[in-house]
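Engineer: Dropping in protein_4.cif, with mmCIF, C-alpha atoms.
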```cif
data_input
loop_
_atom_site.label_atom_id
_atom_site.label_comp_id
_atom_site.auth_asym_id
_atom_site.auth_seq_id
_atom_site.Cartn_x
_atom_site.Cartn_y
_atom_site.Cartn_z
CA MET A 1 45.23 24.98 -26.63
CA GLU A 2 42.21 25.15 -28.87
CA ILE A 3 39.98 24.06 -25.98
CA GLU A 4 41.39 26.75 -23.69
CA VAL A 5 40.62 29.45 -26.23
CA LEU A 6 37.09 28.15 -26.70
CA GLU A 7 36.44 27.98 -22.96
CA GLY A 8 37.64 31.56 -22.69
CA VAL A 9 35.19 32.65 -25.38
CA PHE A 10 32.25 30.87 -23.75
CA ASP A 11 33.14 32.08 -20.23
CA ALA A 12 33.43 35.68 -21.41
CA ASN A 13 30.10 35.34 -23.20
CA GLU A 14 28.38 34.00 -20.07
CA ILE A 15 29.56 36.99 -18.04
CA ILE A 16 28.16 39.47 -20.56
CA ALA A 17 24.95 37.44 -20.94
CA GLY A 18 24.55 37.91 -17.18
CA LYS A 19 24.98 41.67 -17.62
CA ASN A 20 22.29 41.67 -20.32
CA ARG A 21 20.03 39.75 -17.93
CA ALA A 22 20.57 42.45 -15.30
CA ILE A 23 19.72 45.24 -17.78
CA LEU A 24 16.50 43.44 -18.80
CA ASP A 25 15.53 42.71 -15.20
CA GLY A 26 16.19 46.35 -14.35
CA CYS A 27 13.67 47.62 -16.89
CA GLY A 28 11.30 44.62 -16.75
CA ALA A 29 11.72 43.67 -20.42
CA PHE A 30 11.35 40.10 -21.76
CA MET A 31 13.91 39.14 -24.42
CA VAL A 32 13.42 36.51 -27.13
CA ASN A 33 16.33 35.08 -29.14
CA VAL A 34 15.01 34.10 -32.58
CA MET A 35 17.16 31.53 -34.38
CA ALA A 36 16.80 29.67 -37.70
CA SER A 37 18.43 28.79 -41.01
CA PRO A 38 18.74 31.51 -43.64
CA GLY A 39 15.34 31.99 -45.24
CA ALA A 40 13.24 30.13 -42.66
CA GLY A 41 11.33 33.34 -41.98
CA LYS A 42 12.93 35.01 -38.95
CA THR A 43 12.19 38.58 -40.03
CA SER A 44 8.68 37.67 -41.17
CA VAL A 45 7.95 35.99 -37.82
CA ILE A 46 9.23 39.08 -36.01
CA LEU A 47 7.06 41.39 -38.14
CA LYS A 48 3.97 39.19 -37.58
CA THR A 49 4.71 39.03 -33.85
CA LEU A 50 5.03 42.84 -33.63
CA GLU A 51 1.67 43.11 -35.43
CA GLY A 52 0.13 40.56 -33.06
CA VAL A 53 1.23 42.22 -29.83
CA ALA A 54 0.68 45.80 -31.05
CA GLY A 55 -1.48 47.83 -28.68
CA GLY A 56 -0.69 45.49 -25.79
CA LEU A 57 3.10 45.35 -25.55
CA SER A 58 5.76 47.95 -26.25
CA CYS A 59 8.58 46.40 -28.33
CA ALA A 60 12.14 46.87 -29.59
CA VAL A 61 14.07 44.76 -32.10
CA VAL A 62 17.75 43.84 -32.45
CA GLU A 63 18.63 42.56 -35.93
CA GLY A 64 21.76 40.44 -36.35
CA ASP A 65 23.27 39.83 -39.78
CA ILE A 66 26.71 39.21 -41.25
CA ALA A 67 26.22 42.27 -43.45
CA GLY A 68 23.49 44.62 -44.64
CA LYS A 69 20.60 46.38 -42.95
CA VAL A 70 17.65 45.08 -44.98
CA ASP A 71 15.99 43.55 -41.91
CA SER A 72 16.26 46.50 -39.53
CA GLU A 73 14.88 48.75 -42.28
CA ARG A 74 11.89 46.42 -42.70
CA VAL A 75 11.26 46.57 -38.95
CA ALA A 76 11.80 50.34 -38.73
CA GLU A 77 9.04 50.83 -41.32
CA THR A 78 6.58 49.57 -38.69
CA GLY A 79 7.65 52.33 -36.30
CA VAL A 80 9.19 49.91 -33.77
CA PRO A 81 12.74 50.90 -32.67
CA ALA A 82 15.24 48.59 -34.37
CA ILE A 83 19.02 48.33 -34.14
CA GLN A 84 21.08 46.48 -36.74
CA ILE A 85 24.15 44.54 -35.66
CA ASN A 86 26.55 43.45 -38.40
CA THR A 87 28.77 40.62 -37.19
CA GLY A 88 31.24 41.24 -40.03
CA GLY A 89 31.67 37.57 -40.89
CA SER A 90 30.81 35.85 -37.64
CA CYS A 91 28.08 33.21 -37.96
CA HIS A 92 26.25 33.93 -34.68
CA LEU A 93 25.42 36.70 -32.24
CA GLU A 94 27.33 36.92 -28.98
CA ALA A 95 26.18 38.52 -25.73
CA ARG A 96 28.57 41.47 -26.14
CA GLN A 97 26.94 42.53 -29.42
CA VAL A 98 23.49 42.36 -27.86
CA ASN A 99 24.88 44.29 -24.88
CA THR A 100 25.93 47.14 -27.19
CA ALA A 101 22.45 47.13 -28.73
CA LEU A 102 20.67 47.11 -25.34
CA GLU A 103 22.82 50.03 -24.19
CA ARG A 104 21.85 52.01 -27.27
CA LEU A 105 18.12 51.26 -27.19
CA ASP A 106 15.84 53.30 -24.97
CA LEU A 107 14.36 50.45 -22.92
CA GLU A 108 12.19 52.69 -20.69
CA GLY A 109 8.69 51.16 -20.87
CA VAL A 110 9.72 48.39 -23.28
CA ASP A 111 8.03 45.04 -22.50
CA LEU A 112 9.48 42.85 -25.23
CA VAL A 113 12.85 42.79 -27.03
CA LEU A 114 13.00 40.51 -30.08
CA VAL A 115 16.53 39.57 -31.17
CA GLU A 116 17.00 38.11 -34.66
CA ASN A 117 20.12 35.96 -34.67
CA VAL A 118 22.29 35.29 -37.74
CA GLY A 119 20.76 32.68 -40.07
CA ASN A 120 22.45 29.48 -38.91
CA LEU A 121 21.24 26.28 -37.22
CA VAL A 122 24.57 25.59 -35.52
CA CYS A 123 26.55 28.16 -33.52
CA PRO A 124 23.77 30.52 -32.35
CA ALA A 125 22.59 27.65 -30.08
CA GLU A 126 25.93 27.78 -28.24
CA PHE A 127 25.91 31.44 -27.22
CA ARG A 128 23.51 32.59 -24.53
CA LEU A 129 22.53 36.24 -24.97
CA GLY A 130 20.78 36.73 -21.61
CA GLU A 131 17.40 35.95 -23.17
CA ASP A 132 14.23 34.75 -21.41
CA CYS A 133 13.28 32.48 -24.25
CA LYS A 134 15.01 30.76 -27.18
CA VAL A 135 12.77 30.42 -30.21
CA MET A 136 13.78 28.49 -33.30
CA ILE A 137 11.99 28.46 -36.62
CA LEU A 138 12.02 25.53 -39.03
CA SER A 139 10.52 26.10 -42.45
CA VAL A 140 8.53 23.29 -44.04
CA ALA A 141 10.73 23.70 -47.14
CA GLU A 142 13.81 22.65 -45.14
CA GLY A 143 12.56 19.12 -44.47
CA HIS A 144 11.63 17.17 -41.33
CA ASP A 145 15.04 15.47 -41.00
CA LYS A 146 16.78 18.54 -39.55
CA PRO A 147 16.61 17.66 -35.79
CA LEU A 148 18.97 14.70 -36.30
CA LYS A 149 21.48 16.89 -38.12
CA TYR A 150 21.35 19.97 -35.89
CA PRO A 151 20.52 18.41 -32.49
CA LEU A 152 21.80 21.20 -30.21
CA MET A 153 19.52 23.85 -31.69
CA PHE A 154 16.45 21.65 -31.34
CA SER A 155 17.28 20.54 -27.80
CA GLU A 156 18.20 24.06 -26.58
CA SER A 157 15.08 25.83 -27.85
CA ASP A 158 12.11 26.60 -25.64
CA VAL A 159 9.84 27.07 -28.65
CA LEU A 160 9.83 25.60 -32.15
CA LEU A 161 7.85 27.50 -34.77
CA VAL A 162 7.14 25.34 -37.84
CA ASN A 163 6.76 28.03 -40.49
CA LYS A 164 5.55 28.05 -44.14
CA ILE A 165 2.85 25.42 -43.53
CA ASP A 166 1.18 26.83 -46.67
CA LEU A 167 3.87 24.85 -48.57
CA LEU A 168 2.88 21.51 -46.97
CA PRO A 169 0.86 20.34 -50.02
CA TYR A 170 3.92 20.79 -52.25
CA THR A 171 6.49 18.98 -50.07
CA ASP A 172 6.95 15.60 -48.34
CA PHE A 173 7.22 17.26 -44.92
CA ASP A 174 5.93 15.02 -42.11
CA VAL A 175 4.70 17.36 -39.33
CA ASP A 176 3.77 14.58 -36.88
CA GLY A 177 7.07 12.79 -37.44
CA LEU A 178 8.96 16.03 -36.83
CA LYS A 179 7.07 16.71 -33.59
CA ASP A 180 7.77 13.17 -32.29
CA THR A 181 11.48 13.48 -33.03
CA VAL A 182 11.82 16.92 -31.46
CA ARG A 183 9.82 15.98 -28.34
CA ARG A 184 12.04 12.94 -27.77
CA MET A 185 15.08 15.26 -27.85
CA ASN A 186 13.45 18.07 -25.90
CA PRO A 187 10.32 17.16 -23.88
CA ARG A 188 9.75 20.75 -22.63
CA VAL A 189 9.63 22.34 -26.12
CA ARG A 190 6.47 24.20 -27.22
CA ILE A 191 5.65 23.69 -30.89
CA PHE A 192 3.49 26.02 -32.98
CA GLU A 193 2.65 25.55 -36.67
CA MET A 194 2.20 28.71 -38.71
CA SER A 195 2.46 30.49 -42.02
CA CYS A 196 3.62 34.09 -42.11
CA ARG A 197 2.41 34.21 -45.69
CA THR A 198 -1.24 33.30 -44.98
CA GLY A 199 -1.26 34.32 -41.30
CA GLU A 200 -2.47 30.86 -40.21
CA GLY A 201 -1.46 29.89 -36.69
CA ILE A 202 0.25 33.19 -35.79
CA ASP A 203 -2.37 33.97 -33.13
CA ARG A 204 -1.62 30.85 -31.06
CA TRP A 205 2.08 31.74 -30.87
CA VAL A 206 1.35 35.41 -30.13
CA ASP A 207 -1.15 34.51 -27.37
CA TRP A 208 1.38 32.18 -25.75
CA LEU A 209 4.12 34.83 -25.92
CA LYS A 210 1.88 37.58 -24.50
CA GLU A 211 1.01 35.31 -21.57
CA ARG A 212 4.69 34.58 -20.93
CA VAL A 213 5.61 38.27 -21.01
CA GLU A 214 2.75 39.15 -18.67
CA LYS A 215 3.60 36.35 -16.24
CA ARG A 216 7.19 37.52 -16.11
CA ALA A 217 6.08 41.10 -15.45
CA GLU A 218 4.01 39.77 -12.54
CA GLY A 219 7.04 37.85 -11.31
CA THR A 220 5.40 34.42 -11.66
CA MET B 1 45.46 37.62 -29.77
CA GLU B 2 42.17 36.48 -31.31
CA ILE B 3 43.42 37.43 -34.78
CA GLU B 4 46.61 35.43 -34.32
CA VAL B 5 44.65 32.32 -33.40
CA LEU B 6 42.38 32.75 -36.40
CA GLU B 7 45.29 33.22 -38.77
CA GLY B 8 46.76 30.03 -37.36
CA VAL B 9 43.57 28.12 -38.07
CA PHE B 10 43.32 29.43 -41.64
CA ASP B 11 47.03 28.88 -42.37
CA ALA B 12 46.86 25.30 -41.09
CA ASN B 13 43.76 24.71 -43.19
CA GLU B 14 45.47 26.04 -46.34
CA ILE B 15 48.38 23.64 -45.88
CA ILE B 16 46.10 20.61 -45.61
CA ALA B 17 43.92 21.86 -48.48
CA GLY B 18 47.13 21.79 -50.54
CA LYS B 19 47.72 18.18 -49.49
CA ASN B 20 44.17 17.27 -50.56
CA ARG B 21 44.87 18.95 -53.91
CA ALA B 22 47.97 16.78 -54.33
CA ILE B 23 46.02 13.59 -53.55
CA LEU B 24 43.33 14.54 -56.10
CA ASP B 25 45.91 15.49 -58.74
CA GLY B 26 47.70 12.19 -58.11
CA CYS B 27 44.63 10.13 -58.97
CA GLY B 28 43.08 12.54 -61.48
CA ALA B 29 39.88 13.10 -59.49
CA PHE B 30 37.79 16.30 -59.63
CA MET B 31 36.40 17.46 -56.28
CA VAL B 32 33.26 19.55 -55.77
CA ASN B 33 32.48 21.29 -52.45
CA VAL B 34 28.68 21.52 -52.13
CA MET B 35 27.53 24.25 -49.72
CA ALA B 36 24.08 25.54 -48.70
CA SER B 37 21.72 26.33 -45.84
CA PRO B 38 20.14 23.43 -43.98
CA GLY B 39 17.35 22.03 -46.14
CA ALA B 40 18.27 23.72 -49.43
CA GLY B 41 18.70 20.28 -51.02
CA LYS B 42 22.41 19.39 -50.83
CA THR B 43 21.88 15.63 -50.51
CA SER B 44 19.15 15.63 -53.15
CA VAL B 45 21.40 17.54 -55.58
CA ILE B 46 24.20 15.04 -54.92
CA LEU B 47 21.87 12.07 -55.53
CA LYS B 48 20.54 13.62 -58.76
CA THR B 49 24.09 14.42 -59.88
CA LEU B 50 25.22 10.82 -59.23
CA GLU B 51 22.24 9.62 -61.28
CA GLY B 52 23.08 12.06 -64.08
CA VAL B 53 26.74 11.10 -64.42
CA ALA B 54 26.18 7.34 -63.87
CA GLY B 55 27.72 5.22 -66.61
CA GLY B 56 30.10 8.04 -67.57
CA LEU B 57 31.95 8.99 -64.40
CA SER B 58 33.05 6.95 -61.41
CA CYS B 59 32.16 8.78 -58.16
CA ALA B 60 32.70 8.91 -54.42
CA VAL B 61 30.93 11.05 -51.81
CA VAL B 62 32.05 12.67 -48.55
CA GLU B 63 29.12 13.66 -46.30
CA GLY B 64 29.70 16.32 -43.64
CA ASP B 65 27.24 16.79 -40.79
CA ILE B 66 27.33 17.94 -37.17
CA ALA B 67 25.84 14.59 -36.18
CA GLY B 68 24.09 11.57 -37.69
CA LYS B 69 24.67 9.47 -40.80
CA VAL B 70 21.32 9.86 -42.58
CA ASP B 71 22.96 11.38 -45.66
CA SER B 72 25.78 8.87 -46.19
CA GLU B 73 23.23 6.06 -45.81
CA ARG B 74 21.06 7.63 -48.51
CA VAL B 75 24.08 7.83 -50.82
CA ALA B 76 25.31 4.32 -49.97
CA GLU B 77 21.95 2.93 -51.10
CA THR B 78 22.90 3.97 -54.65
CA GLY B 79 26.04 1.82 -54.49
CA VAL B 80 28.40 4.82 -54.64
CA PRO B 81 31.13 4.75 -51.93
CA ALA B 82 30.27 7.30 -49.22
CA ILE B 83 32.06 8.39 -46.07
CA GLN B 84 30.32 10.28 -43.28
CA ILE B 85 32.20 12.94 -41.36
CA ASN B 86 30.64 14.16 -38.11
CA THR B 87 32.08 17.50 -37.11
CA GLY B 88 30.81 17.07 -33.52
CA GLY B 89 29.49 20.61 -33.21
CA SER B 90 31.60 22.50 -35.72
CA CYS B 91 29.56 24.45 -38.28
CA HIS B 92 31.75 23.79 -41.34
CA LEU B 93 34.11 21.25 -42.87
CA GLU B 94 37.84 21.85 -42.69
CA ALA B 95 40.50 20.47 -45.01
CA ARG B 96 41.82 18.06 -42.34
CA GLN B 97 38.46 16.27 -42.10
CA VAL B 98 38.27 15.90 -45.86
CA ASN B 99 41.89 14.70 -45.81
CA THR B 100 40.94 11.88 -43.45
CA ALA B 101 38.06 10.94 -45.76
CA LEU B 102 40.23 11.03 -48.92
CA GLU B 103 42.81 8.81 -47.22
CA ARG B 104 40.11 6.27 -46.37
CA LEU B 105 38.38 6.23 -49.76
CA ASP B 106 39.74 4.03 -52.54
CA LEU B 107 40.27 6.77 -55.16
CA GLU B 108 41.75 4.45 -57.81
CA GLY B 109 39.72 5.13 -60.97
CA VAL B 110 37.48 7.73 -59.30
CA ASP B 111 36.71 10.72 -61.56
CA LEU B 112 34.50 12.81 -59.29
CA VAL B 113 34.40 13.35 -55.52
CA LEU B 114 31.34 15.21 -54.23
CA VAL B 115 31.73 16.72 -50.76
CA GLU B 116 28.60 17.78 -48.90
CA ASN B 117 29.50 20.53 -46.43
CA VAL B 118 27.63 21.26 -43.17
CA GLY B 119 24.38 23.16 -43.74
CA ASN B 120 25.46 26.77 -43.21
CA LEU B 121 25.73 29.84 -45.48
CA VAL B 122 28.53 31.43 -43.45
CA CYS B 123 31.69 29.61 -42.34
CA PRO B 124 31.97 26.88 -45.03
CA ALA B 125 32.84 29.69 -47.48
CA GLU B 126 35.96 30.52 -45.43
CA PHE B 127 37.60 27.09 -45.45
CA ARG B 128 39.14 25.80 -48.68
CA LEU B 129 39.09 22.01 -48.85
CA GLY B 130 41.35 21.60 -51.91
CA GLU B 131 38.33 21.44 -54.22
CA ASP B 132 38.23 22.14 -57.99
CA CYS B 133 34.86 23.79 -57.76
CA LYS B 134 32.70 25.46 -55.09
CA VAL B 135 29.00 24.93 -55.67
CA MET B 136 26.35 26.62 -53.59
CA ILE B 137 22.66 25.84 -53.59
CA LEU B 138 19.94 28.39 -52.79
CA SER B 139 16.42 27.09 -52.41
CA VAL B 140 13.56 29.20 -53.77
CA ALA B 141 11.91 28.86 -50.34
CA GLU B 142 14.80 30.80 -48.73
CA GLY B 143 14.08 34.03 -50.59
CA HIS B 144 15.99 36.13 -53.11
CA ASP B 145 17.43 38.52 -50.50
CA LYS B 146 20.11 36.10 -49.29
CA PRO B 147 23.13 37.41 -51.31
CA LEU B 148 23.11 40.70 -49.38
CA LYS B 149 23.08 38.88 -46.05
CA TYR B 150 25.62 36.14 -46.83
CA PRO B 151 27.89 37.90 -49.35
CA LEU B 152 31.03 35.77 -48.95
CA MET B 153 29.30 32.52 -49.89
CA PHE B 154 27.78 34.06 -53.03
CA SER B 155 31.02 35.75 -54.11
CA GLU B 156 33.23 32.71 -53.43
CA SER B 157 31.11 30.16 -55.33
CA ASP B 158 31.90 29.06 -58.88
CA VAL B 159 28.38 27.75 -59.38
CA LEU B 160 25.01 28.73 -57.93
CA LEU B 161 22.25 26.15 -58.18
CA VAL B 162 18.81 27.70 -57.64
CA ASN B 163 16.88 24.67 -56.38
CA LYS B 164 13.16 23.95 -55.73
CA ILE B 165 11.96 26.00 -58.71
CA ASP B 166 8.77 23.89 -58.51
CA LEU B 167 7.88 26.13 -55.53
CA LEU B 168 8.15 29.37 -57.58
CA PRO B 169 4.36 29.69 -58.06
CA TYR B 170 3.84 29.62 -54.28
CA THR B 171 6.49 32.19 -53.28
CA ASP B 172 7.51 35.78 -54.13
CA PHE B 173 10.96 34.65 -55.28
CA ASP B 174 12.39 36.91 -58.03
CA VAL B 175 14.76 34.72 -60.09
CA ASP B 176 15.90 37.54 -62.41
CA GLY B 177 16.49 39.90 -59.50
CA LEU B 178 18.53 37.24 -57.71
CA LYS B 179 20.67 36.60 -60.80
CA ASP B 180 21.37 40.31 -61.24
CA THR B 181 22.41 40.71 -57.61
CA VAL B 182 24.67 37.65 -57.62
CA ARG B 183 26.30 38.55 -60.96
CA ARG B 184 27.14 42.02 -59.68
CA MET B 185 28.90 40.42 -56.69
CA ASN B 186 30.48 37.59 -58.66
CA PRO B 187 30.67 38.07 -62.45
CA ARG B 188 32.27 34.64 -63.09
CA VAL B 189 29.51 32.62 -61.37
CA ARG B 190 27.54 30.03 -63.38
CA ILE B 191 23.87 29.86 -62.43
CA PHE B 192 21.58 26.88 -63.04
CA GLU B 193 17.90 26.70 -62.09
CA MET B 194 16.57 23.29 -61.12
CA SER B 195 14.15 21.20 -59.12
CA CYS B 196 15.36 17.94 -57.60
CA ARG B 197 11.72 17.10 -56.95
CA THR B 198 10.56 17.31 -60.59
CA GLY B 199 13.96 16.79 -62.22
CA GLU B 200 13.66 20.03 -64.21
CA GLY B 201 16.99 21.62 -65.13
CA ILE B 202 19.20 18.90 -63.60
CA ASP B 203 20.54 17.92 -67.06
CA ARG B 204 22.04 21.37 -67.78
CA TRP B 205 24.01 21.32 -64.52
CA VAL B 206 25.11 17.69 -65.04
CA ASP B 207 26.23 18.38 -68.64
CA TRP B 208 28.27 21.37 -67.49
CA LEU B 209 29.87 19.36 -64.67
CA LYS B 210 30.71 16.41 -66.96
CA GLU B 211 32.40 18.79 -69.38
CA ARG B 212 34.42 20.37 -66.56
CA VAL B 213 35.53 16.95 -65.25
CA GLU B 214 36.52 15.79 -68.74
CA LYS B 215 38.42 19.00 -69.50
CA ARG B 216 40.35 18.63 -66.28
CA ALA B 217 41.20 15.01 -67.09
CA GLU B 218 42.54 16.22 -70.46
CA GLY B 219 44.55 18.90 -68.63
CA THR B 220 42.80 21.82 -70.36
#
```
Before we go any further, please render this structure as structure tokens.
Structural biologist:
Amino acid sequence: MEIEVLEGVFDANEIIAGKNRAILDGCGAFMVNVMASPGAGKTSVILKTLEGVAGGLSCAVVEGDIAGKVDSERVAETGVPAIQINTGGSCHLEARQVNTALERLDLEGVDLVLVENVGNLVCPAEFRLGEDCKVMILSVAEGHDKPLKYPLMFSESDVLLVNKIDLLPYTDFDVDGLKDTVRRMNPRVRIFEMSCRTGEGIDRWVDWLKERVEKRAEGT
Amino acid sequence: MEIEVLEGVFDANEIIAGKNRAILDGCGAFMVNVMASPGAGKTSVILKTLEGVAGGLSCAVVEGDIAGKVDSERVAETGVPAIQINTGGSCHLEARQVNTALERLDLEGVDLVLVENVGNLVCPAEFRLGEDCKVMILSVAEGHDKPLKYPLMFSESDVLLVNKIDLLPYTDFDVDGLKDTVRRMNPRVRIFEMSCRTGEGIDRWVDWLKERVEKRAEGT
């Protein structure tokens, strides 16, 4: 019984994720699903990414949170269109919520849609939103043992951003050990080290993303 | 339909939480449900707490994770009995899993059971385990804006441990602002600042916990 209900939820989500895909394909926009624990730096990464692609790509942001609109307000201050989704208790975004947001946004001319998922290393990995790219952030302060505890998130992500590397001198975080573990679980993952606080390493991630968005626009 | 299913899940959980309560009352043990984001320091807090109460209280630990047994192995090294629960994908512990663990542990003479929940600031707050005390940990690296985004966890917790205060000089974390916000949401919450890395502040939390355990044993 429980399994039937869950299958229903996932099947329904897949159908709406497909609809989101069609909307994005229709307007030529590239969508990134940004996932991480609370406090790993999702909003900061989004703000730094918007800064990095400014002038080149036209963007929109979908902010997912249980409650509140702190994040969409921070994004709106930059002038980029932002929509806040409140899940009202649910620990992850589902395709239908993103669908509502995509319907409300004016996607004419938008190249890049950044979606900030709810802060959680578990369930967001299970719900496809129709994205082109799943990006997860791990903060140095969280520790390098997280892949073994949250394996689905690490194996599902296309990109791992190791954030807050400015804190490396004050922690026991083993960057090389983390990379080895994650690559064994997910050989295709791209890993970028960065600090939103100091700005270090942001350019490498932004350059990679710009190239991906451009390649998609060219249909390659 | 969805609501009915959810009510069923919560009702079933409440019944088993009541059974856990009866088991704990039967043997006079005090149970703490430790909740936090991934990497906030749940296992480190548990290890420091075991160290702090050693000689005075007899303990057992229940470790909840999606996958892996890293945490129960770390605890077992201290000689304290530890049971690992793998939720196999679920993002929170439920009373039935803790029930299985309590049935397997030898609780004769045990004063304190520490339960480490799955790393998640959302769903663990919704499932009562039969505990005496809900403790949440927020790491300084996560940022002081978390109460507004994860309100249920902050309003449900009896104790908030602000961990990793050794990182305060390297972040913009506003401890006083955080305390104000949390106390407005939850006037009865006890807040302790600490660093598992340096040991600062652990004693105040441990003293408070020992007093609570002793008061319960005396039936006051």
Engineer: List as a list of chain:residue names the protein and nucleic acid residues near Gly119 in chain B, meaning an atom at most 6 Å away when all atoms listed in the file are counted, but skip any in the same chain fewer than 4 places from it.
Structural biologist: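 The filter keeps B:Ala36, B:Ser37, B:Pro38.
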Engineer: Using all atoms listed in the file, find which residues of chain B lie within 7 Å of chain A and jot them down as a PyMOL selection string.
Structural biologist: chain B and resi 37-40+65-68+91+120+122-123+141-143+148-150
Engineer: Would you work out the distance separating CA of Ser157 in chain A from CA of Leu129 in chain A, expressed in Å to one decimal?
Structural biologist: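 Computing it gives 13.1 Å between the two atoms.
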Engineer: What is the CA of Asn186 in chain A-CA of Arg21 in chain A distance in Å, reported with one decimal?
Structural biologist: 24.0 Å
Engineer: Grab the CA of Thr198 in chain A to CA of Gly79 in chain A distance for me, in Å with one decimal place.
Structural biologist: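 So the two atoms, CA of Thr198 in chain A and CA of Gly79 in chain A, lie 22.7 Å apart.
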Engineer: Applying 12 Å and all atoms listed in the file, which residues near Arg183 in chain A remain after dropping the ones on its own chain fewer than 6 positions away? List them as a count of residues only.
Structural biologist: 14
Engineer: Spell out the residues picked by the PyMOL selection byres ((chain B and resi 82) around 12) here, as a count of residues only.
Structural biologist: 36
Engineer: Using only C-alpha atoms, determine which residues lie at most 8 Å from range 207-214 of chain B, disregarding the query and same-chain residues fewer than 6 positions distant; provide the list as a PyMOL selection string.
Structural biologist: chain B and resi 30+53+57+111-112
Engineer: Nearest to Val206 in chain B among B:Leu178, B:Leu161, B:Met35, B:Ala17, with distances taken over all atoms listed in the file: which residue is it?
Structural biologist: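 The answer is B:Leu161, which sits nearest to Val206 in chain B.
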Engineer: Can you tell me which residues surround Arg96 in chain B at a distance of at most 7 Å, considering only C-alpha atoms, apart from same-chain residues fewer than 4 positions away, and format the answer as a list in words?
Structural biologist: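 Listed by chain and then number, they are Asn13, Ile16 and Thr100 of chain B.
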Engineer: Considering all atoms listed in the file, can you say which of A:Glu14, A:Leu168, A:Gly109, A:Lys42 comes closest to Ser58 in chain A?
Structural biologist: A:Gly109
Engineer: Pick from A:Val34, A:Cys196, A:Ala29, A:Ile137: nearest to Arg216 in chain A, with all atoms listed in the file counted?
Structural biologist: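 Checking each candidate against Arg216 in chain A, we get A:Ala29 as the closest.
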